[in-house]
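Trainee: Please find one structure pasted underneath; my questions will follow.
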Amino acid sequence: MTGRRNTGSASVPLLVLLSLGFCFATYNLQTIIWHNIAIMRSAVDDSNRKLLSDPILEMPDDLQKQKTSGSPFHVALTATDAPYSKWQSRIMYYWYKKKKDLPGSEMGGFTRILHSGNRDNLMDEIPTIVVDPLPAGLDRGYIVLNRPWAFVQWLEKATIEEEYILMAEPDHIFVNPLPNLADGGYPAAFPFFYIKPAENENIIRKFFPQENGPVTNVDPIGNSPVIIKTDLLKKIAPTWMNVSLRMKDDSETDKAFGWVLEMYAYAVASALHGVRHVLRKDLMLQPPWDLQTAKKFIIHYTYGCDYNLKGELTYGKIGEWRFDKRSYLRGPPPRNLSLPPPGVPESVVTLVKMVNEATANIPNWDTE
């Protein structure tokens, strides 16, 4: 990829001005997880098996049948230079290389968008472009607020050969070869159970006015994973950034959306541009709640996996056996993690085996 001198459409001075009046805040992931565990379990046990077996949860009204674009897509991974982000990015890139050229894959090139502002020790291992973080203090401890600004800069700087982009995260592992699930101008996205625009209509309307249409036009998604046309993302990204900053500056919205604020901002920004997504629940699985990897494409290991030695889930209580990425905030996990006890779901077993294979084959794994 080649660089250009132009900066993103939202300048750093503008961002500094927007930062006036902001204050520091942090968010607790566990609160919202516990609030929604009952909902997730209900979805898993839903008696409507026909719905659960259909990988397409929702499709825009003017799409009559499932089809995919058939075009390669560029994998864009946003990351920082923190040890926690780096070891996950290395595993993610390892499995990208393993799956990229297999039958069924339409993955193209790969870029780690490093929004720490400086080069790091993975530049030679992972294709990387360095972009600036938000001005000091603007993210106020909510580091993912840097993600839309990173995309704005990257889309301005980079020459991207592929017509489509997959927006990905460090804690994603490609468990099966991923085709391009987008349908032309309709991006493909994973529906998150905790993104509920209709239930938060009073807040959504602050950023998505009545004249833009019903609140149901705001999809229950975040920006990742999403497969989207490159030119479409170039239009959405500046709006996504600006909506994120406006939401963060609104105390009611900030309190209501917490750590998923930037996800809501992407959903709203897309809707403001009239973009609807094909909702693909087969795009990703999330252990320990999703039990099988078959016919799924990405493992998202955001949740801790805690089990007793009988193979029973002990979520909320540290298990006799556990795998939780947050156990390795300061450095990479050791090689050859112990496998789960008998009775643990296949998805968790596969996750640990894939982590072990990657760490066994990545040179200088213990490097931070």
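Chain labels run A, B, ... following the order of the structure tokens; each chain numbers its residues from 1, and ligands are numbered from 1 in the order shown.
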Between stretch 207-296 of chain A and stretch 309-323 of chain A, at 12 Å or less, what are the per-residue closest atom pairs and their distances in Å? Count only C-alpha atoms, order by chain and rising residue number, and return it as a Markdown table.
Mentor:
```
| residue | atom | partner | partner_atom | distance |
| --- | --- | --- | --- | --- |
| A:Pro287 | CA | A:Phe323 | CA | 10.4 |
| A:Pro288 | CA | A:Leu313 | CA | 8.2 |
| A:Trp289 | CA | A:Leu313 | CA | 9.7 |
| A:Leu291 | CA | A:Leu313 | CA | 11.7 |
```
Trainee: With N, CA and C atoms retained, could you export that selection as a compact mmCIF listing (two decimals), in the first residue's frame?
Mentor:
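Below you can see again.txt, which holds the result:
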```
# COMPACT_ATOMS: atom_id res chain seq x y z
N PRO A 287 -17.66 -18.30 22.33
CA PRO A 287 -17.61 -19.23 23.46
C PRO A 287 -17.64 -18.44 24.78
N PRO A 288 -18.19 -18.99 25.86
CA PRO A 288 -18.69 -20.35 25.97
C PRO A 288 -20.16 -20.52 25.57
N TRP A 289 -20.80 -19.42 25.15
CA TRP A 289 -22.24 -19.47 24.90
C TRP A 289 -22.56 -20.22 23.60
N LEU A 291 -21.78 -23.16 21.20
CA LEU A 291 -21.18 -24.44 21.58
C LEU A 291 -20.40 -25.12 20.47
```
Trainee: Which residues come within 8 Å of stretch 273-276 of chain A, counting only C-alpha atoms, excluding same-chain residues fewer than 6 positions away, as a list of chain:residue names?
Mentor: A:Pro60, A:Tyr186, A:Pro187, A:Asn217, A:Val218, A:Asp219, A:Lys235, A:Ile236
Trainee: Would you mind listing what lies within 8 Å of A:Trp240 as a list in words, with only C-alpha atoms counted and same-chain residues fewer than 2 positions away left out?
Mentor: Pro148, Ile236, Ala237, Pro238, Asn242, Val243, Ser244, Ala265, Tyr266, Val268, Ala269 and Ser270 of chain A
Trainee: Excluding same-chain residues fewer than 4 positions from A:Asn121, what lies within 10 Å of it counting only C-alpha atoms, as number ranges by chain?
Mentor: A: 81, 86, 125-126, 367-368
Trainee: Restricting it to N, CA and C atoms, dump the selection as a PDB file, in the first residue's frame.
Mentor:
```pdb
ATOM      1  N   ASP A  81      -0.384  -0.828  20.690  1.00  0.00           N
ATOM      2  CA  ASP A  81       0.920  -1.439  20.941  1.00  0.00           C
ATOM      3  C   ASP A  81       1.030  -2.014  22.348  1.00  0.00           C
ATOM      4  N   LYS A  86      -1.126  -6.953  21.373  1.00  0.00           N
ATOM      5  CA  LYS A  86      -0.139  -7.516  20.455  1.00  0.00           C
ATOM      6  C   LYS A  86      -0.208  -9.039  20.388  1.00  0.00           C
ATOM      7  N   GLU A 125       6.519  -8.446  11.256  1.00  0.00           N
ATOM      8  CA  GLU A 125       5.769  -9.705  11.335  1.00  0.00           C
ATOM      9  C   GLU A 125       4.378  -9.577  10.743  1.00  0.00           C
ATOM     10  N   ILE A 126       3.737  -8.446  10.976  1.00  0.00           N
ATOM     11  CA  ILE A 126       2.350  -8.234  10.531  1.00  0.00           C
ATOM     12  C   ILE A 126       2.311  -6.979   9.666  1.00  0.00           C
ATOM     13  N   THR A 367       7.997 -12.727  23.324  1.00  0.00           N
ATOM     14  CA  THR A 367       8.333 -11.324  23.149  1.00  0.00           C
ATOM     15  C   THR A 367       7.112 -10.461  23.375  1.00  0.00           C
ATOM     16  N   GLU A 368       7.249  -9.411  24.165  1.00  0.00           N
ATOM     17  CA  GLU A 368       6.128  -8.492  24.407  1.00  0.00           C
ATOM     18  C   GLU A 368       6.136  -7.355  23.397  1.00  0.00           C
TER      19      GLU A 368
END
```
Trainee: Mind checking DSSP for stretch 133-256 of chain A and telling me the strand (DSSP E or B) residues as JSON, numbers by chain?
Mentor: {"A": [164, 165, 166, 167, 168, 172, 173, 174, 183, 186, 188, 189, 226, 227, 228, 229]}
Trainee: Name all residues at most 10 Å from A:Tyr96 (count only C-alpha atoms; drop same-chain ones fewer than 5 positions away) and give them as a PyMOL selection string.
Mentor: chain A and resi 75+90-91+101+107-110+172-178
Trainee: Using atom CA of A:Ala189 and atom CA of A:Asn146 as the two end points, give the distance in Å to one decimal.
Mentor: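 Interatomic distance, atom CA of A:Ala189 to atom CA of A:Asn146: 20.6 Å.
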Trainee: Tell me, which residues of stretch 121-198 of chain A carry DSSP helix (DSSP H, G or I), written as a ChimeraX atom specification?
Mentor: /A:143-157,198
Trainee: Would you work out the distance separating atom CA of A:Asn202 from atom CA of A:Tyr264, expressed in Å to one decimal?
Mentor: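 Atom CA of A:Tyr264 lies 13.5 Å from atom CA of A:Asn202.
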Trainee: Have a look at atom CA of A:Tyr307 and atom CA of A:Val349 and let me know their distance in Å, one decimal.
Mentor: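 Atom-to-atom, atom CA of A:Tyr307 to atom CA of A:Val349, that is 11.8 Å.
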Trainee: In terms of the shortest atom-to-atom distance over only C-alpha atoms, which of A:Glu346, A:Glu211, A:Asp231, A:Glu162 is closest to A:Gly185?
Mentor: A:Asp231
Trainee: Skip A:Met263 itself and residues of its chain fewer than 2 positions away, then list as a PDB file with N, CA and C atoms, in the first residue's frame all residues within 7 Å of it, counting only C-alpha atoms.
Mentor:
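And here is the file that came out, result_17.pdb:
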```
ATOM      1  N   ILE A 221     -25.953  -3.862  15.558  1.00  0.00           N
ATOM      2  CA  ILE A 221     -24.601  -4.293  15.204  1.00  0.00           C
ATOM      3  C   ILE A 221     -23.563  -3.340  15.783  1.00  0.00           C
ATOM      4  N   GLY A 222     -22.302  -3.731  15.680  1.00  0.00           N
ATOM      5  CA  GLY A 222     -21.172  -2.833  15.853  1.00  0.00           C
ATOM      6  C   GLY A 222     -20.424  -2.773  14.538  1.00  0.00           C
ATOM      7  N   ASN A 223     -19.234  -2.199  14.584  1.00  0.00           N
ATOM      8  CA  ASN A 223     -18.480  -2.102  13.336  1.00  0.00           C
ATOM      9  C   ASN A 223     -17.720  -3.376  13.014  1.00  0.00           C
ATOM     10  N   VAL A 260     -20.217  -0.092  24.993  1.00  0.00           N
ATOM     11  CA  VAL A 260     -20.664  -0.390  23.621  1.00  0.00           C
ATOM     12  C   VAL A 260     -21.058   0.886  22.868  1.00  0.00           C
ATOM     13  N   LEU A 261     -20.708   2.048  23.393  1.00  0.00           N
ATOM     14  CA  LEU A 261     -21.077   3.318  22.777  1.00  0.00           C
ATOM     15  C   LEU A 261     -20.586   3.415  21.334  1.00  0.00           C
ATOM     16  N   ALA A 265     -22.576   3.874  17.800  1.00  0.00           N
ATOM     17  CA  ALA A 265     -22.239   4.985  16.906  1.00  0.00           C
ATOM     18  C   ALA A 265     -22.087   4.500  15.466  1.00  0.00           C
ATOM     19  N   TYR A 266     -21.459   3.337  15.283  1.00  0.00           N
ATOM     20  CA  TYR A 266     -21.340   2.799  13.917  1.00  0.00           C
ATOM     21  C   TYR A 266     -22.721   2.459  13.354  1.00  0.00           C
ATOM     22  N   ALA A 267     -23.566   1.841  14.169  1.00  0.00           N
ATOM     23  CA  ALA A 267     -24.904   1.474  13.694  1.00  0.00           C
ATOM     24  C   ALA A 267     -25.696   2.710  13.289  1.00  0.00           C
TER      25      ALA A 267
END
```
